[in-house]
Amino acid sequence: MSNVSSCGIAIKTMAHPLKLAADIGGTFTDIVLEQGPRRWSGKLLTTTAAPEVAVLEGALGLLAEAGFSPADVDVFIHGTTLATNALIERKGATTAFITTEGFRDVIEQGYEKRFDHYDLMIDRAEPLVPRHLRLTVRERLAVTGEALIPLDETAVPELAERIRAEAVRAVAIGFLHAYAHPAHEQRLRELLRPLLPEDVTVCISSEVAPEIREYERFSTTVANAYVRPLMAGYLHRLQEGLARAGLGAPLYLMMSGGGLTTLETAARFPIRLVESGPAGGAILASRIAHQCKLPEVVSFDMGGTTAKICLLSNGEPERAHRFEIARAYRDMKGSGIPVRIPVIEMVEIGAGGGSIARVDKLGRLTVGPDSAGSTPGPAAYGRGGTKPTVTDANIALGKIDPQFFAGGKIALDERASVTALANDIGKPLSLADYWPAAGVAEIVEENMANAARVHAIERGKDIASATMIAFGGAAPLHACRLAEKVGIDHIIVPMGAGVGSAIGFLQAPIAYEITRSAIISLDDFDARRVNALLKAMIEDATAVVKPAIGGARPVVRIVADGRYVGQGHEIQIGIPVRTLADSDGARLKAAFETAYGTVYGLTIPGQQAEITTWSVTVSSTVKPPAAARKAPRKAAAKAKHVRKVFDSKAGKPLPTPVYWRFDLKAGATLKGPAIIAEHETSTMVASGFSARIDTAGYIHLERTT
Amino acid sequence: MSKAALEAIRTQVMWNRLIAVVEEQAQSLLRTAFGTITREAGDLSAGVYDVEGRMIAQAMTGTPGHVNTMATAVSHFFAKYPPRTMKPGDVYITNDPWLGTGHLFDYVMVTPVFLKGRLVAFFASTCHVIDVGGVGMTAKGNSSFEEGTLVPHLPIRKQGRINDELLDVILANSRSPIEVKGDILSLISANDTGARRLIAMMEEFGLTSLDKLARHILTQSEKGAREAIKALPEGEWHYEMPLDGYERPLTLKCKLTIRGGKVVIDFTGSSPASLYGINSPRTYTLAYSVFGLKAVIAPHVPNNIGSLSVFDMITEPGTVIDPIRPSPVTARHVVGQMLADCVFGCLAQALPGRVQAESAGPIWILSLYSAHGRVSVEETKDATPFSVISIGLGGMGARPGKDGLSTMAFPSGVGAIPVEITEGQCPLWFREKQYLPGSGGDGEFRGGLGQRIVVENREAAPFAISAATFDRIHNPAAGREGGKPGQLGAARLGSGKALPDKGLHIVPTGDALVVELPGGGGFGDPARRDPARVADDRRAGLV
């Protein structure tokens with residue numbers, strides 16, 4: 001069932017390491033092989049039941065086509081939406097949560113406030129652990145660490161019995177105040193572990209997210225446990241499969257915060273892998289923003305299942321330490337499960353090539369958020385899908401050339417697309433010809449434009465002046481229209497756009513971030529305590545990173561969250577990486593007040609300040625990319641052929657030249673409407689846009705009207 | 001795309017942007033506030049107003065009691081400080097319960113915004129500060145003069161210079177001057193943040209005034225609300241609701257009239273004002289009555305003066321829902337937050353099958369203090385002095401087609417405070433805080449559950465609890481359409497003695513405070529409940 005496509009010529013050079021990357025999305029698995037300036041890539045349908053199958057087939061196939069053997073690979077970097085999908089679809093392990101007696105419902109009660117004041121029909125996120133699997137144990141530590149109630153060790157056998165009887169595969173333990181006092185959590189795990197089947201996972205909140213506020217800490221711990229059996233199982237199967245194939249290179253996993261980690265760490269804290277694919281995309285966008293010196297960028301990553309929109313300023317995406325998974329009620333903020341992990345800020349909506357189009361009860365044309373995925377897939381795939389998708393619409397409109405789709409190796413049935421669109425959209429809306437397909441495209445583009453606008457507005461950004469970087473299999477098809485809708489004049493489609501996230505993986509640093517809560521006064525600064533804490537954190541983070549970077553010198557970055565004493569929320573300040581002295585307290589307080597003044601416009605003279613949370617990131621260094629420049633203008637190579645593509649402005653199909661991307665050299669310029677085809681995607685140059693190739697081979701689309 | 005279509009999109013973008021601006025203003029306040037009730041539970045609000053003082057956008061972060069009272073609070077300043085006398089850098093303040101948001105604990109801050117020397121808008125925000133002197137966060141004061149220090153409409157900043165004299169007076173009258181100063185400065189800075197973003201937006205879109213945009217927003221919103229009203233039956237409906245009251249039970253009487261595109265709620269005949277601080281000033285009464293109406297009639301129409309203008313309210317001065325000065329009002333939410341249920345009582349008759357059952361109602365503010373000054377000096381000599389707040393939430397009423405939400409703020413938007421945060425501020429510890437099985441009213445759809453909260457002292461010392469806001473101890477949340485009432489609330493000592501509602505109580509050394517929050521009412525005949533749901537509830541131990 002695998003279909004591999006590739007491009008490029010293999011010339012083996014020993015000067016550069018051979019790097020392999022694989023990104024598993026909901027629909028496609030993208031594989032990229034890179035050696036110095038050379039790159040090969042491929043796209044396969046995701047094998048949902050056993051995702052490693054597509055990764056292995058794709059990787060081995062691509063290596064063979066490029067003329068390498070598996071043993072030639074020096075490093076393998078991997079990202080996957082497996083954890084995210086398991087959380088959204090509730091397909092994780094049967095999980096039990098053991099907590100302090102009297103606090104059985106914390107993970108369900110949540111913030112105990114409504115995320116919409118006026119909508120009386122809202123629902124809470126369904127907790128990952130149902131109430132009958134939320135078990136409690138007598139124990140209680142005070143905020144001071146004093147044992148108000150000692151851990152009831154006699155209750156452990158009965159707990160173990162319950163867990164076995166319910167066929168639980170994962171156990172999360174979360175006790176009050178464990179962020180600072182982990183003793184009871186550790187002891188319970190120690191006692192419980194030998195009483196459980198070996199393959200039952202046990203996670204404790206003091207390791208997964210040692211931060212104050214019980215709901216968010218427990219929620220993160222439970223989510224981690226919930227996906228751990230699945231992820232650990234998958235990762236180990238993948239590792240074994242790679243080893244069997246003779247691919248013994250070290251394997252690193254992409255994390256949601258944009259850094260790479262080892263397989264061991266990923267298998268322990270798989271919650272940090274949610275959104276790892278999109279993070280790879282953000283890294284790619286960051287590299288291109290630096291390379292092209294773009295101050296404001298909107299990255300637009302549209303794959304088979306979702307579209308991701310991320311904003312970058314001066315080449316850097318916004319980062320956060322909180323993420324909400326699986327928003328369940330009308331995609332509203334507050335209706336999901338909060339997790340405390342390092343993430344790159346972005347908005348993700350259910351708009352991809354596989355998004356299903358339908359007419360709802362009110363007669364409105366809607367697209368998504370559900371996707372046909374890889375199975376059954378769009379109608380055109382001929383894999384049993386009968387519902388029309390965005391990809392079917394693009395085929396019906398002529399934008400996707402069946403000959404080139406996924407390198408021509410996924411056969412497309414154009415008639416199946418047209419039939420599905422006619423049945424599900426055309427008939428109920430009395431639309432004929434191209435119009436059902438045009439409607440589907442328009443709606444999905446409008447959905448994405450709205451998401452982009454709101455995300456930008458929430459951040460106080462004006463995206464009209466930004467440059468759009470479009471990648472992912474479906475983005476280059478929709479980029480022009482999306483840009484028009486949000487007022488953007490300039491789009492870049494990078495090389496390898498169809499597999500952009502996987503390319504981003506290859507450019508990520510090996511990095512690990514550790515966050516701990518420890519309240520330290522800045523007015524009475526205890527440098528000894530801070531030095532000891534940071535030293536331990538640096539050692540822990542370095543231990544994760546070291547195996548991956550060998551002798552290279554890691555970069556240490558320390559930030560801390562500070563606030564005035566009595567406040568509940570913090571702002572971030574940088575901490576110098578050196579042994580601190582008590583006198584540094586005054587320096588850090590001044591830094592805090594400067595940052596506070598910048599954000600809030602004033603300070604509170606005379607008020608004491610404190611640090612609550614410390615974050616240490618240890619990472620490898622990454623070389624900056626060479627600048628991409630405009631090349632002297634020259635005529636484009638000849639079009640391969642001309643096909644009829646529906647033009648929404650003209651309201652009819654127009655003859656549209658199709659160019660092969662690799663025929664277009666630096667400086668080549670052409671006018672829309674045109675299609676620039678490559679193996680994993682096609683760029684639609686809409687009428688009213690021109691395209692130009694720069695020295696890095698990137699397509700620049702510019703609005704001419 | 002046509003020019004008109006482009007213009008419509010531009011207007012939509014600006015409207016969205018305004019909402020984003022006030023959301024940022026609210027977030028700024030949430031992040032800089034000192035009181036846990038503001039920063040953890042969200043007892044705050046933020047909004048932007050046109051030059052006539054009409055609210056055109058509000059933040060979702062916050063609580064309806066604040067938002068809808070603030071909708072009118074800005075124009076009240078104009079009587080004393082007409083807009084033409086205001087200067088860039090000015091900020092005005094008040095905590096007048098009748099002209100602000102209903103009690104002295106909420107400071108309302110109003111900031112005029114100027115673009116190139118011309119007044120273009122106002123920002124207002126409010127939050128609940130920790131202490132304003134007087135008898136504290138309790139309903140036991142018998143007049144507003146006992147309840148704390150009232151700051152009439154005054155400038156707190158004049159042309160960029162903080163009014164230190166006024167600030168000194170405010171701080172001298174608070175038990176927590178540092179935190180109150182922090183909160184006041186936070187309110188000022190939240191408005192400044194909003195103003196900066198608004199100016200940036202106006203420059204970006206080349207606007208010199210917000211008039212046209214404000215007109216569009218208010219017209220569209222009013223139109224949306226009117227269309228929603230058109231879909232309602234015309235008529236007149238009555239409902240009466242018994243409340244626990246403080247010194248004696250109270251009755252809320254309400255008449256709903258829908259006629260000629262207008263919705264009028266009339267509370268004539270409701271009980272006279274209480275001698276204690278549970279009275280809801282008219283502004284707060286309006287806020288929650290209109291909240292209830294709008295949530296059922298036009299939930300998706302944006303909340304602003306335009307959409308609020310289609311609702312009218314009639315009250316009699318001197319009643320518990322329209323007390324006159326100097327009636328005490330500190331715990332005004334005890335009565336005020338019952339008004340949504342009261343309004344629902346009428347709406348349920350107008351719209352059978354479409355209105356949820358009654359809810360737990362007012363949030364229970366667990367105002368917890370060290371017992372200093374309330375017991376003998378001997379008993380507290382080694383005790384740590386403290387004053388903290390925790391929030392108790394009961395169950396929401398069951399909804400047509402859905403169970404009620406358990407332990408959920410309604411109609412208020414004030415949520416829980418994490419136990420780990422509260423315990424970091426005092427020597428108390430929570431032995432229990434979890435669902436109270438069986439507390440939701442039976443029905444085809446079950447009422448939301450209440451919860452049990454048990455608090456003890458780590459120190460060998462007594463502590464005090466103000467039960468000012470405990471209600472539904474005698475009058476449960478009623479069911480709807482055959483659903484059963486939710487379980488009553490309760491407060492007692494761990495050793496068993498019931499604590500009478502309201503009032504201030506001492507929890508003796510070694511004893512515990514036990515509160516049980518009321519459950520929501522059920523919806524529909526319990527016999528019709530899906531057996532699968534019954535089995536689920538049993539398995540989960542919820543019934």
# chains A, B, ... in the order shown; residues from 1 in each chain; ligands from 1
call {"tool": "interface_residues", "arguments": {"of": "chain B", "to": "chain A", "cutoff": "6 Å", "atoms": "only C-alpha atoms", "output": "PyMOL selection string"}}
result
chain B and resi 17+20+31+33-34+189+295+299+408-409+413+415-416+418+420+432-434+540
call {"tool": "write_last_selection", "arguments": {"atoms": "N, CA and C atoms", "output": "mmCIF file, in the first residue's frame"}}
result
data_model
loop_
_atom_site.group_PDB
_atom_site.id
_atom_site.type_symbol
_atom_site.label_atom_id
_atom_site.label_comp_id
_atom_site.auth_asym_id
_atom_site.auth_seq_id
_atom_site.Cartn_x
_atom_site.Cartn_y
_atom_site.Cartn_z
ATOM 1 N N ARG B 17 -11.349 43.292 16.331
ATOM 2 C CA ARG B 17 -10.155 43.837 16.958
ATOM 3 C C ARG B 17 -10.504 44.503 18.287
ATOM 4 N N ALA B 20 -10.779 41.965 20.781
ATOM 5 C CA ALA B 20 -9.445 41.489 21.149
ATOM 6 C C ALA B 20 -8.751 42.488 22.076
ATOM 7 N N ARG B 31 -3.611 39.288 35.160
ATOM 8 C CA ARG B 31 -2.224 38.886 35.381
ATOM 9 C C ARG B 31 -1.507 39.766 36.388
ATOM 10 N N ALA B 33 -3.260 41.455 38.996
ATOM 11 C CA ALA B 33 -4.054 41.669 40.204
ATOM 12 C C ALA B 33 -3.465 40.916 41.393
ATOM 13 N N PHE B 34 -3.770 41.403 42.599
ATOM 14 C CA PHE B 34 -3.239 40.795 43.820
ATOM 15 C C PHE B 34 -4.242 39.864 44.494
ATOM 16 N N SER B 189 -3.315 50.474 34.813
ATOM 17 C CA SER B 189 -2.448 50.018 33.731
ATOM 18 C C SER B 189 -3.209 49.160 32.717
ATOM 19 N N ALA B 295 -29.275 35.339 27.949
ATOM 20 C CA ALA B 295 -28.724 33.994 27.781
ATOM 21 C C ALA B 295 -29.757 33.055 27.144
ATOM 22 N N PRO B 299 -28.416 34.523 23.038
ATOM 23 C CA PRO B 299 -27.089 34.241 23.595
ATOM 24 C C PRO B 299 -25.938 34.634 22.674
ATOM 25 N N MET B 408 -20.273 24.375 39.098
ATOM 26 C CA MET B 408 -19.986 25.326 38.025
ATOM 27 C C MET B 408 -20.584 26.689 38.373
ATOM 28 N N ALA B 409 -19.752 27.722 38.208
ATOM 29 C CA ALA B 409 -20.236 29.072 38.482
ATOM 30 C C ALA B 409 -21.390 29.405 37.549
ATOM 31 N N GLY B 413 -19.475 34.486 36.791
ATOM 32 C CA GLY B 413 -18.354 33.952 36.026
ATOM 33 C C GLY B 413 -17.143 33.737 36.921
ATOM 34 N N GLY B 415 -14.914 31.613 39.102
ATOM 35 C CA GLY B 415 -14.621 30.196 39.286
ATOM 36 C C GLY B 415 -13.905 29.902 40.591
ATOM 37 N N ALA B 416 -13.305 28.716 40.655
ATOM 38 C CA ALA B 416 -12.648 28.266 41.879
ATOM 39 C C ALA B 416 -11.240 28.838 41.994
ATOM 40 N N PRO B 418 -7.464 27.574 43.095
ATOM 41 C CA PRO B 418 -6.787 26.310 43.368
ATOM 42 C C PRO B 418 -6.474 26.154 44.860
ATOM 43 N N GLU B 420 -4.069 24.589 46.185
ATOM 44 C CA GLU B 420 -2.629 24.796 46.435
ATOM 45 C C GLU B 420 -2.282 26.274 46.568
ATOM 46 N N GLU B 432 -11.040 18.040 52.109
ATOM 47 C CA GLU B 432 -11.881 17.508 51.030
ATOM 48 C C GLU B 432 -12.374 18.646 50.162
ATOM 49 N N LYS B 433 -12.454 18.388 48.878
ATOM 50 C CA LYS B 433 -13.125 19.297 47.943
ATOM 51 C C LYS B 433 -13.453 18.441 46.731
ATOM 52 N N GLN B 434 -14.633 17.861 46.718
ATOM 53 C CA GLN B 434 -15.016 16.999 45.607
ATOM 54 C C GLN B 434 -16.540 16.902 45.500
ATOM 55 N N ALA B 540 -20.221 5.625 38.276
ATOM 56 C CA ALA B 540 -19.333 6.723 38.640
ATOM 57 C C ALA B 540 -19.516 7.135 40.094
#
call {"tool": "select_by_dssp", "arguments": {"residues": "region 330-539 of chain B", "states": "helix (DSSP H, G or I)", "output": "VMD selection string"}}
result
chain B and resid 333 to 336 339 to 350 377 to 380 419 to 423 526 to 528 531 to 539
call {"tool": "write_last_selection", "arguments": {"atoms": "N, CA and C atoms", "output": "tab-separated table (two decimals), in the first residue's frame"}}
result
chain	number	residue	atom	x	y	z
B	333	HIS	N	-24.49	39.84	45.99
B	333	HIS	CA	-24.65	38.77	45.00
B	333	HIS	C	-25.55	37.65	45.51
B	334	VAL	N	-25.77	37.61	46.85
B	334	VAL	CA	-26.64	36.56	47.42
B	334	VAL	C	-28.04	36.68	46.81
B	335	VAL	N	-28.52	37.89	46.71
B	335	VAL	CA	-29.82	38.10	46.08
B	335	VAL	C	-29.65	38.28	44.56
B	336	GLY	N	-28.64	39.05	44.18
B	336	GLY	CA	-28.46	39.39	42.76
B	336	GLY	C	-28.28	38.17	41.88
B	339	LEU	N	-31.25	36.18	40.46
B	339	LEU	CA	-32.18	36.81	39.53
B	339	LEU	C	-32.26	36.09	38.19
B	340	ALA	N	-31.16	35.45	37.78
B	340	ALA	CA	-31.23	34.71	36.52
B	340	ALA	C	-32.28	33.59	36.66
B	341	ASP	N	-32.23	32.86	37.77
B	341	ASP	CA	-33.21	31.79	38.00
B	341	ASP	C	-34.62	32.35	38.06
B	342	CYS	N	-34.77	33.51	38.69
B	342	CYS	CA	-36.07	34.14	38.84
B	342	CYS	C	-36.66	34.48	37.46
B	343	VAL	N	-35.82	35.06	36.61
B	343	VAL	CA	-36.23	35.40	35.25
B	343	VAL	C	-36.55	34.14	34.45
B	344	PHE	N	-35.74	33.10	34.66
B	344	PHE	CA	-35.98	31.82	33.98
B	344	PHE	C	-37.37	31.28	34.34
B	345	GLY	N	-37.79	31.54	35.59
B	345	GLY	CA	-39.11	31.07	36.03
B	345	GLY	C	-40.22	31.60	35.15
B	346	CYS	N	-40.09	32.84	34.70
B	346	CYS	CA	-41.08	33.42	33.77
B	346	CYS	C	-40.85	32.88	32.36
B	347	LEU	N	-39.59	32.89	31.94
B	347	LEU	CA	-39.28	32.47	30.56
B	347	LEU	C	-39.70	31.03	30.29
B	348	ALA	N	-39.59	30.18	31.33
B	348	ALA	CA	-39.95	28.78	31.16
B	348	ALA	C	-41.42	28.63	30.80
B	349	GLN	N	-42.24	29.57	31.26
B	349	GLN	CA	-43.67	29.51	30.91
B	349	GLN	C	-43.89	30.03	29.48
B	350	ALA	N	-43.10	31.03	29.13
B	350	ALA	CA	-43.23	31.58	27.78
B	350	ALA	C	-42.68	30.60	26.73
B	377	VAL	N	-7.60	36.39	73.72
B	377	VAL	CA	-6.21	36.59	73.30
B	377	VAL	C	-5.40	35.32	73.52
B	378	GLU	N	-5.70	34.62	74.62
B	378	GLU	CA	-5.02	33.36	74.95
B	378	GLU	C	-5.03	32.38	73.77
B	379	GLU	N	-6.22	32.22	73.21
B	379	GLU	CA	-6.41	31.21	72.17
B	379	GLU	C	-5.66	31.51	70.87
B	380	THR	N	-5.35	32.77	70.64
B	380	THR	CA	-4.72	33.12	69.35
B	380	THR	C	-3.29	33.60	69.51
B	419	VAL	N	-6.69	24.97	45.38
B	419	VAL	CA	-6.41	24.68	46.79
B	419	VAL	C	-4.94	24.95	47.10
B	420	GLU	N	-4.07	24.59	46.19
B	420	GLU	CA	-2.63	24.80	46.44
B	420	GLU	C	-2.28	26.27	46.57
B	421	ILE	N	-3.04	27.12	45.88
B	421	ILE	CA	-2.80	28.57	45.99
B	421	ILE	C	-3.29	29.06	47.35
B	422	THR	N	-4.50	28.70	47.73
B	422	THR	CA	-5.05	29.16	49.00
B	422	THR	C	-4.18	28.68	50.17
B	423	GLU	N	-3.77	27.44	50.13
B	423	GLU	CA	-2.98	26.89	51.24
B	423	GLU	C	-1.60	27.55	51.35
B	526	PRO	N	-38.18	12.12	36.08
B	526	PRO	CA	-37.08	11.18	36.34
B	526	PRO	C	-37.34	9.79	35.74
B	527	ALA	N	-38.62	9.41	35.64
B	527	ALA	CA	-38.95	8.08	35.12
B	527	ALA	C	-38.50	7.95	33.66
B	528	ARG	N	-38.35	9.09	33.00
B	528	ARG	CA	-37.98	9.04	31.58
B	528	ARG	C	-36.48	9.05	31.35
B	531	PRO	N	-32.00	4.63	30.87
B	531	PRO	CA	-31.39	3.68	31.82
B	531	PRO	C	-29.86	3.64	31.71
B	532	ALA	N	-29.35	3.87	30.51
B	532	ALA	CA	-27.89	3.86	30.35
B	532	ALA	C	-27.25	4.98	31.17
B	533	ARG	N	-27.93	6.13	31.21
B	533	ARG	CA	-27.40	7.25	32.01
B	533	ARG	C	-27.47	6.93	33.50
B	534	VAL	N	-28.55	6.28	33.89
B	534	VAL	CA	-28.69	5.90	35.30
B	534	VAL	C	-27.54	4.96	35.68
B	535	ALA	N	-27.28	3.98	34.80
B	535	ALA	CA	-26.21	3.03	35.07
B	535	ALA	C	-24.85	3.73	35.12
B	536	ASP	N	-24.63	4.67	34.20
B	536	ASP	CA	-23.37	5.43	34.18
B	536	ASP	C	-23.17	6.18	35.50
B	537	ASP	N	-24.24	6.84	35.94
B	537	ASP	CA	-24.16	7.63	37.18
B	537	ASP	C	-23.83	6.73	38.36
B	538	ARG	N	-24.44	5.52	38.37
B	538	ARG	CA	-24.19	4.58	39.46
B	538	ARG	C	-22.75	4.14	39.47
B	539	ARG	N	-22.29	3.78	38.29
B	539	ARG	CA	-20.91	3.30	38.17
B	539	ARG	C	-19.92	4.37	38.63
call {"tool": "residues_around", "arguments": {"residues": "region 283-300 of chain A", "least_positions_apart": "4", "cutoff": "8 Å", "atoms": "only C-alpha atoms", "output": "VMD selection string"}}
result
chain A and resid 258 279 307 to 317 463 465 to 471 475 479 494 500 to 501 503 to 505 507 to 508 624 to 629
call {"tool": "closest_residue", "arguments": {"among": "B:Val290, B:Val67, B:Leu232, B:Val455", "to": "Arg354 (chain B)", "atoms": "only C-alpha atoms"}}
result
B:Leu232
call {"tool": "atom_distance", "arguments": {"atom1": "CA of Ala232 (chain A)", "atom2": "CA of Asp23 (chain A)"}}
result
16.9 Å
call {"tool": "residues_around", "arguments": {"residues": "Lys652 (chain A)", "least_positions_apart": "2", "cutoff": "12 Å", "atoms": "only C-alpha atoms", "output": "number ranges by chain"}}
result
A: 397-398, 433-435, 438, 644-650, 654-656
call {"tool": "atom_distance", "arguments": {"atom1": "CA of Gly306 (chain B)", "atom2": "CA of Ser221 (chain B)"}}
result
5.4 Å
call {"tool": "select_by_dssp", "arguments": {"residues": "region 418-530 of chain A", "states": "strand (DSSP E or B)", "output": "PyMOL selection string"}}
result
chain A and resi 467-471+490-493+510-521
call {"tool": "residues_around", "arguments": {"residues": "Thr99 (chain A)", "least_positions_apart": "5", "cutoff": "9 Å", "atoms": "only C-alpha atoms", "output": "NGL selection string"}}
result
:A and (104 or 134-139 or 172-176 or 218)
call {"tool": "residues_around", "arguments": {"residues": "Glu234 (chain B)", "least_positions_apart": "4", "cutoff": "9 Å", "atoms": "only C-alpha atoms", "output": "ChimeraX atom specification"}}
result
/B:230,257-261,350
call {"tool": "closest_residue", "arguments": {"among": "B:Ala371, B:Leu405, B:Val108, B:Ile453", "to": "Val507 (chain B)", "atoms": "only C-alpha atoms"}}
result
B:Ala371
call {"tool": "decode", "arguments": {"residues": "region 476-492 of chain B", "atoms": "C-alpha atoms", "output": "PDB file, in the first residue's frame"}}
result
ATOM      1  CA  PRO B 476     -33.561  24.369  47.020  1.00  0.00           C
ATOM      2  CA  ALA B 477     -32.998  24.911  43.315  1.00  0.00           C
ATOM      3  CA  ALA B 478     -36.356  23.941  41.803  1.00  0.00           C
ATOM      4  CA  GLY B 479     -36.634  21.361  39.062  1.00  0.00           C
ATOM      5  CA  ARG B 480     -38.328  22.089  35.723  1.00  0.00           C
ATOM      6  CA  GLU B 481     -40.924  20.196  33.687  1.00  0.00           C
ATOM      7  CA  GLY B 482     -41.282  17.471  36.320  1.00  0.00           C
ATOM      8  CA  GLY B 483     -37.652  17.414  37.434  1.00  0.00           C
ATOM      9  CA  LYS B 484     -36.893  17.259  41.157  1.00  0.00           C
ATOM     10  CA  PRO B 485     -35.191  19.987  43.196  1.00  0.00           C
ATOM     11  CA  GLY B 486     -31.465  19.867  43.880  1.00  0.00           C
ATOM     12  CA  GLN B 487     -30.128  19.044  47.329  1.00  0.00           C
ATOM     13  CA  LEU B 488     -30.059  21.898  49.853  1.00  0.00           C
ATOM     14  CA  GLY B 489     -26.797  23.488  50.850  1.00  0.00           C
ATOM     15  CA  ALA B 490     -25.447  23.056  54.372  1.00  0.00           C
ATOM     16  CA  ALA B 491     -22.741  24.421  56.663  1.00  0.00           C
ATOM     17  CA  ARG B 492     -21.623  22.792  59.903  1.00  0.00           C
TER      18      ARG B 492
END
